[in-house]
$ cat model.txt   # compact mmCIF, C-alpha atoms and all ligand atoms
# COMPACT_ATOMS: atom_id res chain seq x y z
CA MET A 270 32.98 105.04 9.86
CA CYS A 271 30.17 107.40 9.81
CA TYR A 272 27.49 105.02 8.72
CA ASP A 273 27.67 102.56 11.61
CA GLY A 274 26.24 99.12 11.32
CA SER A 275 25.68 99.37 7.65
CA VAL A 276 27.09 97.59 4.67
CA PHE A 277 28.73 99.51 1.94
CA LEU A 278 28.70 98.61 -1.74
CA PRO A 279 28.85 94.91 -2.45
CA ARG A 280 31.88 94.00 -4.50
CA LYS A 281 29.85 93.42 -7.61
CA LEU A 282 28.85 97.05 -7.50
CA ALA A 283 32.41 98.23 -7.35
CA ILE A 284 32.27 99.14 -10.98
CA ALA A 285 32.95 102.22 -12.91
CA LEU A 286 30.48 104.93 -12.28
CA PRO A 287 27.72 104.91 -14.83
CA ILE A 288 27.68 107.80 -17.19
CA ALA A 289 24.08 108.24 -16.11
CA ILE A 290 25.24 110.10 -13.06
CA ALA A 291 26.99 112.67 -15.14
CA VAL A 292 23.94 112.98 -17.34
CA ALA A 293 21.57 113.25 -14.41
CA ALA A 294 23.77 115.74 -12.72
CA ALA A 295 22.55 119.21 -13.25
CA CYS A 296 24.09 122.27 -11.79
CA THR A 297 21.02 123.13 -9.79
CA PRO A 298 20.94 124.85 -6.48
CA ILE A 299 21.23 123.34 -3.15
CA GLY A 300 17.72 123.21 -1.93
CA PRO A 301 14.40 124.82 -1.59
CA PRO A 302 14.24 127.74 0.79
CA GLY A 303 11.20 126.53 2.69
CA GLY A 304 8.03 125.04 1.31
CA GLY A 305 7.72 122.68 -1.60
CA ARG A 306 6.29 119.72 0.24
CA ASP A 307 5.54 117.64 -2.82
CA ARG A 308 7.20 118.95 -5.91
CA TYR A 309 10.72 118.87 -4.66
CA HIS A 310 12.36 118.78 -8.00
CA ARG A 311 10.29 121.60 -9.37
CA THR A 312 10.89 123.64 -6.28
CA GLU A 313 14.59 123.18 -6.61
CA VAL A 314 14.70 124.21 -10.20
CA ARG A 315 12.56 127.23 -9.45
CA SER A 316 14.83 128.24 -6.64
CA THR A 317 17.73 128.28 -9.05
CA SER A 318 16.34 130.75 -11.41
CA SER A 319 14.46 133.00 -9.05
CA GLY A 320 16.87 132.82 -6.18
CA GLY A 321 13.93 131.91 -3.97
CA GLY A 322 14.61 134.81 -1.66
CA VAL A 323 18.37 134.37 -1.72
CA ALA A 324 20.12 137.34 -3.24
CA PRO A 325 22.24 136.11 -6.14
CA ALA A 326 25.30 138.07 -5.14
CA VAL A 327 28.32 137.77 -7.37
CA GLY A 328 30.23 136.04 -4.60
CA MET A 329 27.52 133.45 -4.28
CA THR A 330 27.54 132.58 -7.95
CA LYS A 331 31.28 132.19 -7.89
CA MET A 332 31.14 130.02 -4.80
CA LYS A 333 28.45 127.79 -6.25
CA ARG A 334 30.68 127.24 -9.24
CA GLU A 335 33.61 126.38 -7.02
CA VAL A 336 31.55 123.90 -5.04
CA ASN A 337 30.81 122.07 -8.32
CA LEU A 338 27.49 120.76 -7.09
CA ARG A 339 25.86 117.86 -8.91
CA VAL A 340 22.35 116.75 -8.12
CA ASP A 341 21.84 113.01 -8.23
CA MET A 342 18.83 112.34 -6.04
CA VAL A 343 17.88 109.03 -4.56
CA PRO A 344 14.50 108.54 -6.25
CA LYS A 345 11.59 109.58 -4.07
CA GLY A 346 9.86 106.59 -2.52
CA THR A 347 12.94 104.34 -2.60
CA HIS A 348 15.52 103.25 0.00
CA GLY A 349 16.51 106.21 2.17
CA ARG A 350 13.65 108.25 0.71
CA LYS A 351 10.99 105.61 0.98
CA VAL A 352 9.45 107.66 3.76
CA ILE A 353 9.34 111.40 3.13
CA ARG A 354 9.65 113.41 6.32
CA PRO A 355 9.54 117.17 5.84
CA MET A 356 12.18 119.27 7.55
CA ARG A 357 12.96 122.91 8.08
CA PRO A 358 16.72 122.72 8.62
CA ARG A 359 18.16 124.58 11.60
CA TYR A 360 21.57 122.91 11.75
CA ILE A 361 24.22 121.58 9.42
CA THR A 362 25.96 118.41 10.56
CA ILE A 363 29.44 117.62 9.25
CA HIS A 364 30.61 114.01 8.97
CA SER A 365 33.44 112.09 7.37
CA THR A 366 32.84 108.71 5.80
CA GLN A 367 35.85 106.80 7.16
CA ASN A 368 35.55 104.81 3.99
CA TYR A 369 38.95 104.80 2.35
CA SER A 370 37.88 103.40 -1.00
CA ALA A 371 34.83 105.38 -2.05
CA ASP A 372 34.55 108.84 -3.52
CA ALA A 373 31.37 110.94 -3.74
CA SER A 374 30.18 109.22 -6.90
CA ARG A 375 30.42 105.78 -5.36
CA HIS A 376 28.54 106.95 -2.30
CA SER A 377 25.86 108.35 -4.54
CA LEU A 378 25.59 105.04 -6.34
CA ALA A 379 25.40 103.15 -3.05
CA LEU A 380 22.61 105.37 -1.75
CA LYS A 381 20.63 105.05 -4.97
CA ARG A 382 20.94 101.27 -4.87
CA GLY A 383 19.95 100.99 -1.23
CA ALA A 384 23.32 99.49 -0.34
CA LEU A 385 23.67 101.40 2.91
CA ARG A 386 21.39 99.73 5.38
CA SER A 387 21.11 99.97 9.09
CA PRO A 388 18.94 97.85 11.35
CA LYS A 389 15.61 99.45 12.09
CA THR A 390 15.21 99.31 15.85
CA ARG A 391 13.19 100.99 18.53
CA TYR A 392 15.83 103.59 19.30
CA GLY A 393 17.93 103.19 16.20
CA ASN A 394 17.51 103.88 12.54
CA ARG A 395 13.97 104.85 11.71
CA ILE A 396 13.65 103.43 8.21
CA GLY A 397 16.29 100.75 7.80
CA TYR A 398 18.48 102.79 5.42
CA LEU A 399 21.05 105.48 5.80
CA ILE A 400 20.83 108.69 3.87
CA TRP A 401 22.20 112.21 4.09
CA HIS A 402 21.99 115.29 1.93
CA PHE A 403 25.42 115.87 0.40
CA THR A 404 28.66 113.98 -0.14
CA VAL A 405 31.78 115.98 -0.87
CA ASP A 406 35.13 114.88 -2.23
CA ASP A 407 38.08 116.71 -3.74
CA LYS A 408 36.37 117.01 -7.14
CA VAL A 409 32.67 117.48 -6.61
CA ALA A 410 29.76 117.78 -4.19
CA ILE A 411 26.77 115.54 -4.86
CA GLN A 412 23.29 116.12 -3.47
CA HIS A 413 21.29 112.97 -2.67
CA MET A 414 18.06 114.36 -1.23
CA PRO A 415 16.28 117.71 -0.86
CA THR A 416 17.26 119.85 2.09
CA ASN A 417 13.65 120.02 3.25
CA GLU A 418 13.56 116.30 3.97
CA GLN A 419 14.98 114.56 7.04
CA GLY A 420 17.92 112.22 6.59
CA GLU A 421 19.26 109.29 8.61
CA HIS A 422 22.84 110.17 9.40
CA ALA A 423 23.24 111.50 12.93
CA ASP A 424 21.31 110.38 15.99
CA PHE A 425 18.40 108.10 15.07
CA HIS A 426 15.25 109.75 16.47
CA GLY A 427 17.13 112.80 17.71
CA PRO A 428 17.27 116.41 16.59
CA GLY A 429 20.37 115.81 14.50
CA ASN A 430 18.28 113.83 12.05
CA ARG A 431 15.09 115.81 12.49
CA LEU A 432 16.61 119.27 12.12
CA SER A 433 19.92 119.09 10.29
CA ILE A 434 21.33 118.90 6.83
CA GLY A 435 23.93 116.12 6.71
CA ILE A 436 27.19 116.52 4.80
CA GLU A 437 29.64 113.64 4.45
CA MET A 438 33.26 114.33 3.55
CA CYS A 439 35.01 111.57 1.61
CA GLU A 440 38.45 110.37 2.54
CA GLN A 441 39.29 107.84 -0.12
CA ARG A 442 42.95 106.98 -0.56
CA GLY A 443 44.80 109.38 -2.78
CA SER A 444 42.27 112.16 -2.39
CA ASN A 445 43.28 115.64 -1.34
CA ARG A 446 41.77 116.17 2.08
CA SER A 447 42.39 119.88 2.26
CA VAL A 448 40.56 120.38 -1.04
CA THR A 449 37.66 118.27 0.27
CA ILE A 450 37.51 120.31 3.47
CA ASP A 451 37.63 123.55 1.51
CA ARG A 452 34.78 122.46 -0.79
CA THR A 453 32.78 121.38 2.26
CA ALA A 454 33.31 124.77 3.90
CA LYS A 455 32.03 126.55 0.80
CA LEU A 456 29.00 124.30 0.52
CA THR A 457 28.26 124.84 4.21
CA ALA A 458 28.48 128.63 3.79
CA LEU A 459 26.02 128.49 0.89
CA LEU A 460 23.60 126.38 2.92
CA MET A 461 23.87 128.75 5.88
CA LYS A 462 22.99 131.61 3.59
CA GLN A 463 20.17 129.79 1.89
CA HIS A 464 18.50 128.57 5.07
CA GLY A 465 19.42 131.33 7.53
CA ILE A 466 21.51 128.97 9.67
CA PRO A 467 24.02 130.64 12.04
CA ILE A 468 27.62 129.45 12.33
CA GLN A 469 27.04 128.14 15.86
CA ASN A 470 24.55 125.69 14.37
CA VAL A 471 27.19 124.21 12.09
CA VAL A 472 28.15 121.20 14.18
CA PRO A 473 30.21 118.02 13.96
CA HIS A 474 28.39 114.70 14.16
CA TYR A 475 29.94 114.52 17.64
CA HIS A 476 27.43 117.17 18.73
CA TRP A 477 24.50 114.73 18.60
CA PRO A 478 24.49 111.97 21.23
CA ARG A 479 23.19 108.65 19.94
CA ARG A 480 20.87 106.87 22.33
CA GLY A 481 22.00 103.34 23.09
CA LYS A 482 25.50 103.76 21.64
CA THR A 483 28.81 103.70 23.49
CA PRO A 484 30.20 106.25 23.44
CA PRO A 485 27.09 108.26 22.63
CA ASN A 486 29.08 111.06 21.01
CA LYS A 487 30.88 109.84 17.95
CA ASN A 488 34.39 110.81 16.93
CA CYS A 489 33.17 112.23 13.63
CA PRO A 490 34.46 113.89 11.56
CA HIS A 491 37.57 112.43 13.16
CA PHE A 492 40.10 114.59 11.33
CA LEU A 493 38.42 117.82 12.48
CA LEU A 494 38.28 116.82 16.14
CA ASP A 495 41.00 116.84 18.80
CA ASN A 496 41.13 113.66 20.87
CA GLY A 497 37.63 112.86 19.67
CA ARG A 498 36.15 116.20 20.70
CA PRO A 499 35.65 119.59 19.13
CA GLY A 500 38.69 121.76 19.78
CA ALA A 501 41.17 123.82 17.83
CA LYS A 502 40.64 121.94 14.57
CA TRP A 503 36.90 122.38 14.72
CA ARG A 504 37.28 126.08 15.48
CA TRP A 505 39.60 126.35 12.50
CA PHE A 506 36.96 124.76 10.28
CA GLN A 507 34.24 127.07 11.64
CA GLY A 508 36.50 130.03 10.91
CA LYS A 509 36.95 128.83 7.35
CA VAL A 510 33.18 128.43 6.88
CA ASN A 511 32.55 131.83 8.38
CA ALA A 512 35.09 133.47 6.09
CA TYR A 513 33.32 132.03 3.05
CA TYR A 514 29.97 133.00 4.48
CA ARG A 515 31.09 136.60 4.76
CA GLN A 516 32.25 136.54 1.15
CA ILE A 517 28.74 135.81 -0.06
CA GLN A 518 27.05 138.51 1.95
ZN ZN B 601 29.26 111.02 11.27
$ encode --input "model.txt" --output "structure tokens"
Amino acid sequence: MCYDGSVFLPRKLAIALPIAIAVAAACTPIGPPGGGRDRYHRTEVRSTSSGGGVAPAVGMTKMKREVNLRVDMVPKGTHGRKVIRPMRPRYITIHSTQNYSADASRHSLALKRGALRSPKTRYGNRIGYLIWHFTVDDKVAIQHMPTNEQGEHADFHGPGNRLSIGIEMCEQRGSNRSVTIDRTAKLTALLMKQHGIPIQNVVPHYHWPRRGKTPPNKNCPHFLLDNGRPGAKWRWFQGKVNAYYRQIQ
């Protein structure tokens, strides 16, 4: 699974998703284009209406709609956001959850409840919790934290955490993987556009070696790698992202 060493939702939390998520979910943009150290929420809302330097091309609007982005942030100061570490993203890291029972909403709930923990060690997790920016399934994409904050999803103290936006793809039983991949590609294209990130900086989790782990380079996202390494499948995914990126030029 992508969140090693952590515990997913306790059984008692395996309940229907509270309606609160739907209420909290606003169709706001993906993240602040630089700046906004303190007022993340306000920055995000502002970036929706003004575009924040991103040209609101017709293709972009359509793609945002197709991504079906919901914003359901882990509250600032809690769990994975208990320490706020500013980031100017230069990479986008693609993961898959390897959790076959949880969709994006359940992951969102788990993150908000601090159910995804990881031991805080010298070379390991920096804050004791896992967190990433977006979770995507075959219905929706959910944002958990602003894109100008560092997550804990890739390589502990490494550049994957310090410099990249983390996207987790769900693979719960019965879900449509190709739809999930397609939604992820569109979200990635939008983030590239918004943050000026080139396609070569869209990387699989595999790209970031994890100090102290064997093997250091993880087979993640496993279904987009060939024999545990980037190959034809990864190039196919990059091509898909690039095609969407060109559509929103
Ligand atoms: Zn991963």
$ residues_near_ligand --input "model.txt" --ligand "ligand ZN 601 (chain B)" --cutoff "7 Å" --atoms "all atoms listed in the file" --output "MDAnalysis selection string"
chainID A and resid 271:272 363:366 422:423 474 487 489:490
$ closest_residue --input "model.txt" --among "A:His476, A:Arg515, A:Lys381, A:Arg386" --to "Leu459 of chain A" --atoms "only C-alpha atoms"
A:Arg515
$ closest_residue --input "model.txt" --among "A:Gly435, A:Arg359, A:Lys351, A:Gln367" --to "Pro467 of chain A" --atoms "only C-alpha atoms"
A:Arg359
$ atom_distance --input "model.txt" --atom1 "atom CA of Cys439 of chain A" --atom2 "atom CA of Gln518 of chain A"
28.1 Å
$ atom_distance --input "model.txt" --atom1 "atom CA of Glu440 of chain A" --atom2 "atom CA of Asp406 of chain A"
7.4 Å
$ atom_distance --input "model.txt" --atom1 "atom CA of Asn394 of chain A" --atom2 "atom CA of Phe425 of chain A"
5.0 Å
$ closest_residue --input "model.txt" --among "A:Val343, A:Val472, A:Ala512, A:Ile400" --to "Leu494 of chain A" --atoms "all atoms listed in the file"
A:Val472
$ residues_around --input "model.txt" --residues "Arg431 of chain A" --least-positions-apart "6" --cutoff "8 Å" --atoms "all atoms listed in the file" --output "list in words"
Met356, Gln419 and Gly420 of chain A
$ write_last_selection --input "model.txt" --atoms "C-alpha atoms" --output "compact mmCIF listing (two decimals), in the coordinates of the input"
# COMPACT_ATOMS: atom_id res chain seq x y z
CA MET A 356 12.18 119.27 7.55
CA GLN A 419 14.98 114.56 7.04
CA GLY A 420 17.92 112.22 6.59
$ residues_around --input "model.txt" --residues "Arg395 of chain A" --least-positions-apart "5" --cutoff "9 Å" --atoms "all atoms listed in the file" --output "list in words"
Pro388, Lys389, Thr390, Glu421, Phe425 and His426 of chain A
